[in-house]
Amino acid sequence: MLNRLEMLRIFCAAAESASFKAAATRLGTSPQTVTRAVKDLEEAVGEPLFHRNTRQIRITAAGERLAERARSALLDVDSLFAHPASRSDSELKGIVRITAPSTLGRQHLLVALRQLALAHPGITLDIRLSDQLADVVDDEIDIGLRLGMFRDQRLVARMPTRVGFHVVGTPELVARVGEPADLADLADLASLPATGLIDRSTGRAWPWYFAEGEQFSPRCAAFLTDDPETEMEAILAGLAYGQLPDYLALPHLRSGRLVSVLERYAPAPWGLYIYRSRRSPVPMRIRLVFDALVAYFTDKGTAPVP
């Protein structure tokens with residue numbers, strides 16, 4: 001019978017492979033050995049770790065949780081046998097490539113990572129800001145941040161906080177054109193001007209999101225831009241109503257420069273996800289940056305604001 005440490009190594013390889021056969025090829029062993037190790041581990045933990053059929057395997061939720069803990073444990077075991085100087089040179093020096101939504105990244109990434117960067121001058125932070133979703137493999141990204149749904153099983157992801165959205169305008173705008181009482185009022189763009197944020201991948205404005213899946217798409221927007229901060233400035237100038245995320249809206253709501261309308265129709269807050277590749281082992285510099293970002297946004301509670 002395999003020892004528990006070896007079972008965990010085989011299980012982690014299977015969790016990162018499309019099949020037990022692929023895991024066996026990667027490990028230089030037989031598919032039967034992988035199958036047996038996974039079965040023994042399932043018996044040890046008392047629950048299934050993979051869904052199996054004749055064509056593929058798919059890791060279960062319990063398997064995901066165990067795989068993440070197992071990778072961390074195996075990394076700690078391996079580090080016991082690494083020469084300290086070698087570990088420092090290879091894992092705490094080098095580039096960590098990070099991508100994030102443009103406005104969120106500008107407002108938060110340097111704040112989140114300043115202390116880590118000062119403590120580890122050998123780590124080079126390569127930050128690329130874009131509102132398009134980056135692929136950690138194809139785009140050679142180590143860590144990414146994104147808002148919204150996240151179901152990519154190829155990646156390790158954490159959701160440390162959620163971000164709400166608000167339809168906002170200036171008090172002067174409310175006094176001039178009135179306040180929408182419900183979603184039907186938004187269709188009257190002649191008296192209720194709206195901003196539109198252009199999706200650069202489609203050239204069309206993103207819809208506004210509301211509770212129960214309702215959406216609103218300004219057809220004759222008073223102001224259009226592909227930059228969230230420019231949209232915010234137009235709203236602050238009193239040109240139109242717009243929908244902004246917490247990290248743009250809340251400081252101005254607190255100061256009174258903006259007021260929120262249609263709050264009873266607000267959508268459920270979106271998850272803010274921090275993700276990285278499942279490849280193993282994870283270099284210590286990437287793990288440190290990943291953990292620092294998770295800790296920073298967790299400390300922000302439900303709304304990451306400056």
# chains A, B, ... in the order shown; residues from 1 in each chain; ligands from 1

call {"tool": "closest_atom_pairs", "arguments": {"of": "segment 99-152 of chain A", "to": "segment 283-288 of chain A", "cutoff": "9 Å", "atoms": "only C-alpha atoms", "output": "JSON lines"}}
result
{"residue": "A:Leu116", "atom": "CA", "partner": "A:Leu288", "partner_atom": "CA", "distance": 8.0}
{"residue": "A:His120", "atom": "CA", "partner": "A:Arg285", "partner_atom": "CA", "distance": 8.8}
{"residue": "A:Ile123", "atom": "CA", "partner": "A:Arg285", "partner_atom": "CA", "distance": 6.8}
{"residue": "A:Asp142", "atom": "CA", "partner": "A:Ile286", "partner_atom": "CA", "distance": 7.0}
{"residue": "A:Ile143", "atom": "CA", "partner": "A:Ile286", "partner_atom": "CA", "distance": 7.6}

call {"tool": "write_last_selection", "arguments": {"atoms": "C-alpha atoms", "output": "PDB file, in the first residue's frame"}}
result
ATOM      1  CA  LEU A 116       5.538  42.934   0.323  1.00  0.00           C
ATOM      2  CA  HIS A 120      11.226  41.313  -0.941  1.00  0.00           C
ATOM      3  CA  ILE A 123      10.402  40.248  -6.601  1.00  0.00           C
ATOM      4  CA  ASP A 142       0.650  34.548 -12.816  1.00  0.00           C
ATOM      5  CA  ILE A 143      -2.232  36.155 -10.903  1.00  0.00           C
TER       6      ILE A 143
END

call {"tool": "residues_around", "arguments": {"residues": "His252 of chain A", "least_positions_apart": "2", "cutoff": "12 Å", "atoms": "only C-alpha atoms", "output": "PyMOL selection string"}}
result
chain A and resi 166+168-171+232-233+235-236+244-250+254-260+305-306

call {"tool": "residues_around", "arguments": {"residues": "Val156 of chain A", "least_positions_apart": "4", "cutoff": "6 Å", "atoms": "only C-alpha atoms", "output": "PyMOL selection string"}}
result
chain A and resi 275-276+278

call {"tool": "residues_around", "arguments": {"residues": "Asp131 of chain A", "least_positions_apart": "6", "cutoff": "8 Å", "atoms": "only C-alpha atoms", "output": "PyMOL selection string"}}
result
chain A and resi 100-102

call {"tool": "write_last_selection", "arguments": {"atoms": "N, CA and C atoms", "output": "JSON list (two decimals), in the first residue's frame"}}
result
[["chain", "number", "residue", "atom", "x", "y", "z"],
["A", 100, "ALA", "N", -5.44, 43.02, -13.73],
["A", 100, "ALA", "CA", -6.60, 43.45, -12.95],
["A", 100, "ALA", "C", -7.40, 44.45, -13.77],
["A", 101, "PRO", "N", -8.70, 44.61, -13.47],
["A", 101, "PRO", "CA", -9.47, 45.69, -14.10],
["A", 101, "PRO", "C", -8.78, 47.02, -13.87],
["A", 102, "SER", "N", -8.83, 47.90, -14.88],
["A", 102, "SER", "CA", -7.99, 49.09, -14.87],
["A", 102, "SER", "C", -8.19, 49.97, -13.63]]

call {"tool": "select_by_dssp", "arguments": {"residues": "segment 103-302 of chain A", "states": "alpha helix (DSSP H)", "output": "MDAnalysis selection string"}}
result
chainID A and resid 103:119 171:177 228:236 246:255 284:299

call {"tool": "closest_residue", "arguments": {"among": "A:Gly63, A:Ala13, A:Gly196, A:Thr103", "to": "Gly28 of chain A", "atoms": "only C-alpha atoms"}}
result
A:Ala13

call {"tool": "residues_around", "arguments": {"residues": "Ser72 of chain A", "least_positions_apart": "5", "cutoff": "12 Å", "atoms": "only C-alpha atoms", "output": "VMD selection string"}}
result
chain A and resid 8 to 9 12 65 to 67 77 to 79 278 280 to 284 287

call {"tool": "atom_distance", "arguments": {"atom1": "atom CA of Val174 of chain A", "atom2": "atom CA of Asp226 of chain A"}}
result
24.7 Å

call {"tool": "select_by_dssp", "arguments": {"residues": "segment 120-285 of chain A", "states": "strand (DSSP E)", "output": "ChimeraX atom specification"}}
result
/A:123-129,143-147,155-163,165-169,195-197,208-209,215-216,223-225,242-245,259-261,270-277

call {"tool": "residues_around", "arguments": {"residues": "Thr225 of chain A", "least_positions_apart": "5", "cutoff": "8 Å", "atoms": "only C-alpha atoms", "output": "MDAnalysis selection string"}}
result
chainID A and resid 196:198 230:231

call {"tool": "write_last_selection", "arguments": {"atoms": "N, CA and C atoms", "output": "compact mmCIF listing (two decimals), in the first residue's frame"}}
result
# COMPACT_ATOMS: atom_id res chain seq x y z
N GLY A 196 -22.96 55.70 -20.75
CA GLY A 196 -22.72 54.35 -21.25
C GLY A 196 -21.24 54.04 -21.23
N LEU A 197 -20.89 52.88 -20.66
CA LEU A 197 -19.49 52.43 -20.62
C LEU A 197 -19.29 51.41 -21.73
N ILE A 198 -18.42 51.73 -22.69
CA ILE A 198 -18.22 50.91 -23.87
C ILE A 198 -17.37 49.68 -23.55
N THR A 230 -13.35 58.01 -16.52
CA THR A 230 -13.90 59.12 -17.30
C THR A 230 -15.41 59.15 -17.19
N GLU A 231 -16.04 57.98 -17.17
CA GLU A 231 -17.49 57.92 -16.95
C GLU A 231 -17.83 58.52 -15.59

call {"tool": "atom_distance", "arguments": {"atom1": "atom CA of Asp126 of chain A", "atom2": "atom CA of Leu109 of chain A"}}
result
11.0 Å

call {"tool": "atom_distance", "arguments": {"atom1": "atom CA of Phe223 of chain A", "atom2": "atom CA of Ala268 of chain A"}}
result
25.9 Å
